[in-house]
Structure formats: C-alpha cells, structure tokens
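Peer 1: Got a structure here, written out as structure tokens. Questions coming.
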Amino acid sequence: MSVSTLRKPSAAPGPVPAAVEAPAAPARVLSLPRPARPPALAVLLRLLAERLLPPLVVFAALLLAWQAAFSGGSSGLPTPAAVWQESRELILDPFFVYGTQDIGLGWRVLTSLERVAMGFGLAAVIGVGTGAVIGQSVWLMRGLDPIFQVLRTVPPLAWLPISLAAFMDSRPSAIFVIFITAIWPIIINTAAGVRAIPQDYRNVAAVLRLNQLEFFWKIMLPAAAPYIFSGLRIGIGLAWLAIVAAEMLTGGVGIGFFIWDAWNSSRLTDIIVALVYIGAVGFLLDRLVGWLGRVVSRGTAV
Amino acid sequence: MSYLKIDRVGKTFATGNRSVEVLADIRLTIEKGEFVSIIGHSGCGKSTLLNLIAGLTEVTSGGILLEGREVNAPGPERAVVFQNHSLLPWLSVYDNIRLAVDKVFAASRSRRERHDWILHNLDLVQMTHAKDKRPGEISGGMKQRVGIARALAMEPKILLLDEPFGALDALTRAHLQDAVMQIHARLGNTMLMITHDVDEAVLLADRIVMMTNGPSATIGEVLSVPLDRPRDRIALASDPGYLRAREAVLRFLYERHRFVEAAE
Ligand SMILES: Nc1ncnc2c1ncn2[C@@H]1O[C@H](COP(=O)(O)OP(=O)(O)OP(=O)(O)O)[C@@H](O)[C@H]1O
Ligand SMILES: [Mg+2]
C-alpha cells in the first residue's frame, strides 16, 4: 500500500494538422443568434448559492443538533451557546496580548506556524535533495525504499523522546519531530518522480552535456514537480498533526500547548475554539501547498 | 578522409541471461554536406544505429569516427531530432531553444548574440510567431519544427533525425520535408535521417541506406539518388530517375527483405 497519490504527467496530445492555405473564394460567414448571457452578478450569486449554501445549512443543522444533544446538563461537554458565552473574547479577538501566557489564538497559531515553517522547510529542502539522489539510482532505491516505508508509519510523537534526549531542549525537539514526520513522503514521492522522468528528457540533457547541477535545476525539478508537490502536500498535513501533539508535551505558547493548558484548568469551551482554529489552519495549509503545486507544475502536467 | 565513418560496428543487447545481436558489421561513410536516409523495416535497428552515432548508447564492437575523432559520448556536435519531438513542456518554445543555445555558446557568444541566434533559428523553421507558446499549445508539426530549430541551433557537425515526421499527417509531413530541403540547401549541413517512408527517402536523400531485417541486421544496399536540387515533389512524380530509385527501394524492402515476424 502506498500513501502517496501520484499524479502521472499525461502523454503529450496527438499531432494536430497544421493550418492549410485558405481557399481562393472567401467562405460566407453565417451569424447565428447568440443566446442571451445572464448578467455577471446573477452568475456570481448562483455560484455562491450552489457552493456556499449547502455547507452553511449543514453547519447550522449540526450546531442545532449539538445544542439539543447537550443542553440537558447531564454531560460534561459544553453546548455551542456555552462556548459563545464563555469564550467570546477568544473568538472575537485573535490578537489580544494581556500577558506572556495570556495571548490571542492568532498569536499562538503564528507561533506554531513558525515552528512548522522551520521543520517543514528543512524537510522540504533535504527531502527533495535526498529523493533526487535516490531516484537516480536503482540500487539506492531498492535498498532504501523499504526502510522509508517503515519509518514513515512511525507516529510523530514516537519520535519525541528520542528527540528530547538528543537536543535536551523542547524547542528544537518540536521542530525535529516535524522534520522527521514530514520528510518521508517528500523523499518517497520525489524519488518516484525522478524515476518517472521520461528517457527523452534525459537524452536531451545528454546531448546538451548538462552537468549534474544543471540537470537537477533545469530538468529534474520541473519534470518531477507534480510528484514533489504531492509529497509536500502530504508532508505539510503530517507536520501540522505533529506540531499540535508535540506542543502539548513540550509546552511553550503554541496552539497545542494552549489546548493542554485549557484542559488542565477545565476550560473546555476554549479547547473547542482552538480545535476550530487548528482545523481551519490545517485546511488552509493544505490548500496553499496544493495551489503552489498547480502553479509551479503548470507546464509539466499538460 | 571521410567526415563520418562507421567502422564494422556491432551492437548486442544483453537482457537478463539472454543477449540479442541487433546490429552486425555496419560499415558506412558519410561525406560533409551529404544527406543520407536510412530505411528498413520496423524493429531492424535503425534507432539503435542512430543512438550509437549520437553516443546515447555504446557500441559493442567496431568504432564510429567523426572528423577522425572517436565518438563515445553524446554531444551537441551530433544534435538529434527525436521522433516524438521531446521538447520540455514547461518551457516556452523560445526557452527550449535557449536551453540549448545558452549551454553550447555560453562562453563564445554574448547574451545579445545568443538571443539573435535563437530568433534566427526560429525564423529558419518559420516558428517566430509562436516563440512564447508552450509545446502543449502548438500542433505536432510545429513541435517538430521547433525540435529541428533546437538541433540546428547547436550548429552540429551532423544532424541526426530519427523518423522526425513519422507521427504527422501527409500534408504536414510534406511541408516539413520542404522545410528540411530548404535548410539543407541553405546551410549545407550533413544530415542523417531515418525514415519508414520510401518517397521521403528518395525525395530528400543523396544516398539511401537500406537495412536488412534483424536480428543481426546490417546494411543490405546503398542507393545513390542522382537527382538535381532543388527538388520539386510534383515535377519528380513523373521523373524517370525518381521512379527508378523508388522502385529499387521498394524491391529491396518488399521482394528481397520482406518483413517477417520474428520467429521465436
Ligand atoms: N535497450 C534495449 N534493450 C534490449 N533490446 C533493445 C533495446 N533497444 C532496442 N532493442 C531491440 O533492438 C531491436 C531494434 O530496435 P530499434 O528501436 O533500433 O528498431 P527500429 O528499426 O528503430 O524500429 P522502428 O522502425 O519501429 O522505430 C528491437 O528488436 C528492439 O527490441
Ligand atoms: Mg526507431
């Protein structure tokens, strides 16, 4: 089984005949009646209604169901109304600062994102580099692929004790956990992408006598971009999973620690607000990398 | 001394524990400025021979000399026009040629001169209008033109073309054959072109190299085509010299060396 959903660059489209000279007598142009186009505003409204309305309706229904289910008072879980009452400030102002530990969730998310950026950035650079080398060699691939397949299934938190022992400090440990979690799918997908580079491109490079570095920048990266970005996309998802878990254990001011802290002081409504933040940020990160991948590999995946 | 000399070249592919001798004892010399076509049935080893000359595969026996120097690695002085154009899809037409020009003339020409040289080669194949398009946005015939421009732009000593028009329709193919003839007349470069098409071989070539069927394929016959240039396909259609050459190739391919499915 493989985690990576690999996009194969599809084959070039078949030959299209070139334009033939125009006939001597100009053809008559018939004008067909054009269907009246609906005004742009109406189109926009319809699109909004089609795309935005269903999730909003479902969301409202879920909130109502939740409110109904827990308003009896017998359960320990708060209702949506209680969340609004008790955590209104957290919801309305993400960027307040009242003290070193008393800051808005926006700041906490940014702190966590900073760590993710460092760990994931490192994983991206090293992962793509390593994957490129491994993808070039059948033997390296055969030797290392099984090891990577095993390592990538290790849960993020399982790395934490080792990492704490190695770095003796929580901050680099959290970054390392992100790095080690995110790197495997990046390596595996990059290597697969490099192996899938058509022989034609390699022949072009050979005839031009491109050196290793030129080959890497000019052929390998663009040709393997769709694969690389599917690896990066899996990686960023894992990185976000890992940071929340790691922060719960290592402390600091990140969003993960906030949840742990709220749990210890029985602020359940705060936890629910934080969950929404984490979900939204994870979603945005995933979309961001997906969008970047589409922009970068525009030419490759014709 | 001949320009390109292929001297008793053989090629054996080893796959697993089996080895197949694809080419045996190929001897051929090509003079500077000559246009040579290679024709033979599918699978006889034409591409293999071209790749050996390009240096993309190594010879098993014998040797290949270009201007007296042994060929043992690929290089821009033996530019290849590949059957399926093999343009890089993420680069524009201009940038595809630029990749080649910047690499080959990095030291010898200024940025300005390289730019002009790219445009000059695009103009040779009449593709200047599409210079900012990507390969995915132009037709198959146009892609092949750009492939030819890229190869020409390397100023190769010999231009190797592997069935460059094989995937094109007849009309486009005729246009491109005319373009290649014009370029050959104008620049006088040495060209070696593989083809499946008897008419194409006779129309374009000074000499036609006919290959026997594999395994152990070799050169069966070499036919000179003493037709005046510039050649016009319509005038040639009833030219006795053209018809004789065409018949000779057809007889070779369909009487003496008929295509037989490999008996395994
Ligand atoms: N890398 C390789 N390993 C093993 N056998 C090969 C290899 N490349 C080519 N062959 C074999 O060599 C023979 C000649 O192949 P080649 O591609 O040169 O034929 P061709 O004349 O160009 O055919 P076509 O006209 O169909 O392009 C074929 O039987 C093919 O299976
Ligand atoms: Mg071939």
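Chain identifiers are assigned as A, B, and so on, following the order in which chains appear in the structure tokens; residues are numbered from 1 within each chain, and ligands are numbered from 1 in order of appearance.
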Residues up to 9 Å from ligand 2, counting only C-alpha atoms and all ligand atoms: could you list those as a PyMOL selection string?
Peer 2: chain B and resi 42-48+50+83+162-163+194-195
Peer 1: With distances taken over only C-alpha atoms, which residue among B:Pro226, B:Gly166, B:Gly214, B:Gly75 lies nearest chain A?
Peer 2: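 Selected residue with least distance to chain A: B:Gly75.
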Peer 1: Have a look at atom 25 (O, counted along the ligand's line) of ligand 1 and atom CA of Leu161 of chain B and let me know their distance in Å, one decimal.
Peer 2: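 Rounded to one decimal, the two atoms are 12.7 Å apart.
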Peer 1: Could you list, as a ChimeraX atom specification, every residue within 7 Å of segment 27-29 of chain B, counting only C-alpha atoms and ignoring same-chain residues fewer than 4 positions away?
Peer 2: /B:2,4-9
Peer 1: Using only C-alpha atoms, determine which residues lie at most 7 Å from segment 180-191 of chain B, disregarding the query and same-chain residues fewer than 2 positions distant; provide the list as an MDAnalysis selection string.
Peer 2: chainID B and resid 32:36 157:160 176:178 193 204
Peer 1: Next, the residues of the selection above should be written as a compact mmCIF listing (two decimals), in the first residue's frame with N, CA and C atoms.
Peer 2:
```txt
# COMPACT_ATOMS: atom_id res chain seq x y z
N LYS B 32 30.95 15.24 -45.88
CA LYS B 32 30.45 16.51 -45.35
C LYS B 32 29.40 17.09 -46.31
N GLY B 33 28.29 17.54 -45.75
CA GLY B 33 27.24 18.16 -46.55
C GLY B 33 26.28 17.17 -47.19
N GLU B 34 26.53 15.89 -46.97
CA GLU B 34 25.68 14.88 -47.59
C GLU B 34 24.38 14.70 -46.82
N PHE B 35 23.32 14.32 -47.55
CA PHE B 35 22.06 13.97 -46.91
C PHE B 35 21.83 12.48 -47.12
N VAL B 36 21.85 11.73 -46.03
CA VAL B 36 21.71 10.27 -46.13
C VAL B 36 20.44 9.84 -45.42
N LYS B 157 27.86 19.29 -36.23
CA LYS B 157 28.60 18.83 -37.41
C LYS B 157 27.72 17.92 -38.23
N ILE B 158 26.91 17.11 -37.52
CA ILE B 158 25.96 16.27 -38.23
C ILE B 158 24.63 16.30 -37.49
N LEU B 159 23.57 16.39 -38.27
CA LEU B 159 22.23 16.44 -37.69
C LEU B 159 21.62 15.05 -37.84
N LEU B 160 21.21 14.47 -36.72
CA LEU B 160 20.64 13.13 -36.74
C LEU B 160 19.13 13.22 -36.54
N LEU B 176 6.99 19.94 -43.98
CA LEU B 176 8.23 19.86 -43.21
C LEU B 176 9.37 19.30 -44.06
N GLN B 177 9.04 18.37 -44.97
CA GLN B 177 10.09 17.87 -45.86
C GLN B 177 10.65 19.03 -46.69
N ASP B 178 9.76 19.87 -47.20
CA ASP B 178 10.22 21.03 -47.97
C ASP B 178 11.09 21.94 -47.10
N MET B 193 19.05 10.83 -41.77
CA MET B 193 17.64 10.79 -41.40
C MET B 193 17.08 9.38 -41.55
N LEU B 204 14.42 13.30 -50.37
CA LEU B 204 15.36 14.10 -49.58
C LEU B 204 16.82 13.70 -49.77
```
Peer 1: Pick from B:Leu250, B:Ala237, B:Ala106, B:Met210: nearest to chain A, with only C-alpha atoms counted?
Peer 2: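 So, comparing all the options, the nearest one is B:Ala106.
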Peer 1: Could you pull the residues within 6 Å of segment 221-232 of chain A, counting only C-alpha atoms, minus those fewer than 2 positions along the same chain, as a list in words?
Peer 2: Leu6, Pro185, Ile186, Asn189, Thr190, Gly193, Val194, Trp217, Ile219, Ile234, Gly235, Gly293 and Ser297 of chain A
Peer 1: Generate the output file for the selected residues, all heavy atoms, as a compact mmCIF listing (two decimals), in the first residue's frame.
Peer 2:
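result-v1.txt was written with the following content:
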```txt
# COMPACT_ATOMS: atom_id res chain seq x y z
N LEU A 6 -0.02 9.55 -6.56
CA LEU A 6 0.91 10.14 -7.52
C LEU A 6 0.15 10.55 -8.76
O LEU A 6 -0.64 9.81 -9.30
CB LEU A 6 1.96 9.11 -7.90
CG LEU A 6 2.78 8.64 -6.71
CD1 LEU A 6 3.77 7.59 -7.14
CD2 LEU A 6 3.51 9.82 -6.10
N PRO A 185 7.32 11.18 3.24
CA PRO A 185 6.56 11.25 1.98
C PRO A 185 7.23 12.15 0.95
O PRO A 185 7.08 11.90 -0.25
CB PRO A 185 5.20 11.83 2.41
CG PRO A 185 5.41 12.39 3.76
CD PRO A 185 6.53 11.63 4.39
N ILE A 186 7.99 13.15 1.41
CA ILE A 186 8.67 14.03 0.45
C ILE A 186 9.76 13.26 -0.28
O ILE A 186 9.87 13.31 -1.51
CB ILE A 186 9.24 15.28 1.16
CG1 ILE A 186 8.11 16.06 1.83
CG2 ILE A 186 9.98 16.17 0.17
CD1 ILE A 186 8.57 17.24 2.64
N ASN A 189 8.10 10.45 -2.60
CA ASN A 189 7.46 10.98 -3.82
C ASN A 189 8.47 11.60 -4.77
O ASN A 189 8.34 11.46 -5.98
CB ASN A 189 6.39 12.01 -3.45
CG ASN A 189 5.09 11.34 -3.09
OD1 ASN A 189 4.40 10.82 -3.95
ND2 ASN A 189 4.77 11.31 -1.82
N THR A 190 9.46 12.31 -4.23
CA THR A 190 10.46 12.90 -5.11
C THR A 190 11.21 11.81 -5.87
O THR A 190 11.41 11.90 -7.08
CB THR A 190 11.46 13.75 -4.31
OG1 THR A 190 10.74 14.74 -3.59
CG2 THR A 190 12.45 14.43 -5.23
N GLY A 193 9.10 10.50 -8.56
CA GLY A 193 9.02 11.46 -9.65
C GLY A 193 10.27 11.47 -10.51
O GLY A 193 10.19 11.54 -11.73
N VAL A 194 11.42 11.36 -9.88
CA VAL A 194 12.68 11.36 -10.62
C VAL A 194 12.79 10.10 -11.47
O VAL A 194 13.23 10.13 -12.61
CB VAL A 194 13.86 11.49 -9.64
CG1 VAL A 194 15.17 11.20 -10.35
CG2 VAL A 194 13.89 12.88 -9.05
N TRP A 217 18.42 21.35 -11.76
CA TRP A 217 17.57 22.55 -11.80
C TRP A 217 16.70 22.63 -13.04
O TRP A 217 15.55 23.05 -12.97
CB TRP A 217 18.44 23.82 -11.73
CG TRP A 217 18.96 24.09 -10.36
CD1 TRP A 217 20.27 24.01 -9.97
CD2 TRP A 217 18.22 24.49 -9.19
NE1 TRP A 217 20.37 24.32 -8.63
CE2 TRP A 217 19.13 24.62 -8.14
CE3 TRP A 217 16.87 24.74 -8.97
CZ2 TRP A 217 18.75 25.00 -6.86
CZ3 TRP A 217 16.48 25.11 -7.69
CH2 TRP A 217 17.41 25.23 -6.66
N ILE A 219 16.01 20.16 -15.52
CA ILE A 219 15.20 19.02 -15.99
C ILE A 219 14.47 18.36 -14.82
O ILE A 219 13.26 18.21 -14.82
CB ILE A 219 16.07 17.96 -16.70
CG1 ILE A 219 16.96 18.62 -17.75
CG2 ILE A 219 15.20 16.86 -17.26
CD1 ILE A 219 16.32 18.90 -19.07
N ILE A 234 1.29 15.99 1.36
CA ILE A 234 1.13 15.01 2.44
C ILE A 234 1.98 15.44 3.63
O ILE A 234 1.55 15.38 4.79
CB ILE A 234 1.57 13.61 1.97
CG1 ILE A 234 0.71 13.14 0.81
CG2 ILE A 234 1.50 12.61 3.12
CD1 ILE A 234 1.25 11.92 0.10
N GLY A 235 3.19 15.92 3.34
CA GLY A 235 4.12 16.33 4.39
C GLY A 235 3.58 17.46 5.25
O GLY A 235 3.69 17.43 6.48
N GLY A 293 1.59 23.97 -5.95
CA GLY A 293 1.94 22.86 -6.83
C GLY A 293 1.32 23.05 -8.20
O GLY A 293 1.98 22.84 -9.22
N SER A 297 3.77 23.47 -11.40
CA SER A 297 3.85 22.39 -12.39
C SER A 297 2.84 22.60 -13.51
O SER A 297 2.41 21.65 -14.13
CB SER A 297 3.64 21.04 -11.71
OG SER A 297 2.49 21.07 -10.90
```
Peer 1: As a VMD selection string, list the residues of segment 109-168 of chain B assigned to strand (DSSP E) by DSSP on the backbone atoms of this structure.
Peer 2: chain B and resid 158 to 162
Peer 1: Considering only C-alpha atoms and all ligand atoms, state which residue in the set A:Leu284, A:Leu45, A:Gln199, A:Trp159 is at the smallest distance from ligand 1.
Peer 2: A:Gln199
Peer 1: Determine which residues of chain B sit within 6 Å of chain A, taking into account only C-alpha atoms, and present them as JSON, numbers by chain.
Peer 2: {"B": [74, 75, 76, 86, 89, 90, 139, 140]}
Peer 1: Keeping N, CA and C atoms, export the residues of the selection given above as an mmCIF file, in the first residue's frame.
Peer 2:
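As written to disk, selection.cif reads:
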```
data_model
loop_
_atom_site.group_PDB
_atom_site.id
_atom_site.type_symbol
_atom_site.label_atom_id
_atom_site.label_comp_id
_atom_site.auth_asym_id
_atom_site.auth_seq_id
_atom_site.Cartn_x
_atom_site.Cartn_y
_atom_site.Cartn_z
ATOM 1 N N PRO B 74 27.512 11.329 -25.850
ATOM 2 C CA PRO B 74 26.684 12.275 -26.595
ATOM 3 C C PRO B 74 27.271 13.679 -26.548
ATOM 4 N N GLY B 75 26.896 14.504 -27.510
ATOM 5 C CA GLY B 75 27.380 15.879 -27.515
ATOM 6 C C GLY B 75 26.646 16.696 -28.551
ATOM 7 N N PRO B 76 26.674 18.014 -28.385
ATOM 8 C CA PRO B 76 25.888 18.887 -29.268
ATOM 9 C C PRO B 76 26.402 18.932 -30.702
ATOM 10 N N SER B 86 10.289 15.578 -28.131
ATOM 11 C CA SER B 86 10.949 15.706 -26.824
ATOM 12 C C SER B 86 11.340 17.139 -26.469
ATOM 13 N N PRO B 89 8.097 20.403 -21.791
ATOM 14 C CA PRO B 89 6.757 21.014 -21.812
ATOM 15 C C PRO B 89 6.612 22.225 -20.906
ATOM 16 N N TRP B 90 7.511 22.382 -19.925
ATOM 17 C CA TRP B 90 7.355 23.517 -19.008
ATOM 18 C C TRP B 90 8.068 24.763 -19.519
ATOM 19 N N SER B 139 0.751 22.694 -32.543
ATOM 20 C CA SER B 139 0.429 21.421 -33.193
ATOM 21 C C SER B 139 1.659 20.519 -33.270
ATOM 22 N N GLY B 140 1.413 19.246 -33.620
ATOM 23 C CA GLY B 140 2.503 18.275 -33.719
ATOM 24 C C GLY B 140 3.554 18.694 -34.737
#
```
Peer 1: For Arg246 of chain B, please output as a PDB file with N, CA, C and O atoms, in the first residue's frame all residues within 7 Å (counting only C-alpha atoms; exclusion window: fewer than 4 positions along the same chain).
Peer 2:
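Result file around16.pdb:
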```pdb
ATOM      1  N   VAL B 198       9.227   5.493 -48.197  1.00  0.00           N
ATOM      2  CA  VAL B 198      10.069   5.370 -49.381  1.00  0.00           C
ATOM      3  C   VAL B 198      10.148   6.708 -50.127  1.00  0.00           C
ATOM      4  O   VAL B 198      11.227   7.152 -50.523  1.00  0.00           O
ATOM      5  N   ASP B 199       9.009   7.382 -50.314  1.00  0.00           N
ATOM      6  CA  ASP B 199       9.007   8.652 -51.049  1.00  0.00           C
ATOM      7  C   ASP B 199       9.840   9.702 -50.341  1.00  0.00           C
ATOM      8  O   ASP B 199      10.566  10.467 -50.966  1.00  0.00           O
ATOM      9  N   VAL B 202      13.571   9.004 -50.970  1.00  0.00           N
ATOM     10  CA  VAL B 202      14.037   9.341 -52.316  1.00  0.00           C
ATOM     11  C   VAL B 202      14.037  10.855 -52.528  1.00  0.00           C
ATOM     12  O   VAL B 202      14.963  11.417 -53.107  1.00  0.00           O
ATOM     13  N   TYR B 242      13.602   9.459 -60.612  1.00  0.00           N
ATOM     14  CA  TYR B 242      12.917   9.342 -59.315  1.00  0.00           C
ATOM     15  C   TYR B 242      12.194   8.010 -59.235  1.00  0.00           C
ATOM     16  O   TYR B 242      12.305   7.276 -58.248  1.00  0.00           O
ATOM     17  N   LEU B 250      11.698  -0.042 -53.198  1.00  0.00           N
ATOM     18  CA  LEU B 250      10.535  -0.908 -52.977  1.00  0.00           C
ATOM     19  C   LEU B 250      10.901  -2.375 -53.188  1.00  0.00           C
ATOM     20  O   LEU B 250      10.504  -3.250 -52.406  1.00  0.00           O
TER      21      LEU B 250
END
```
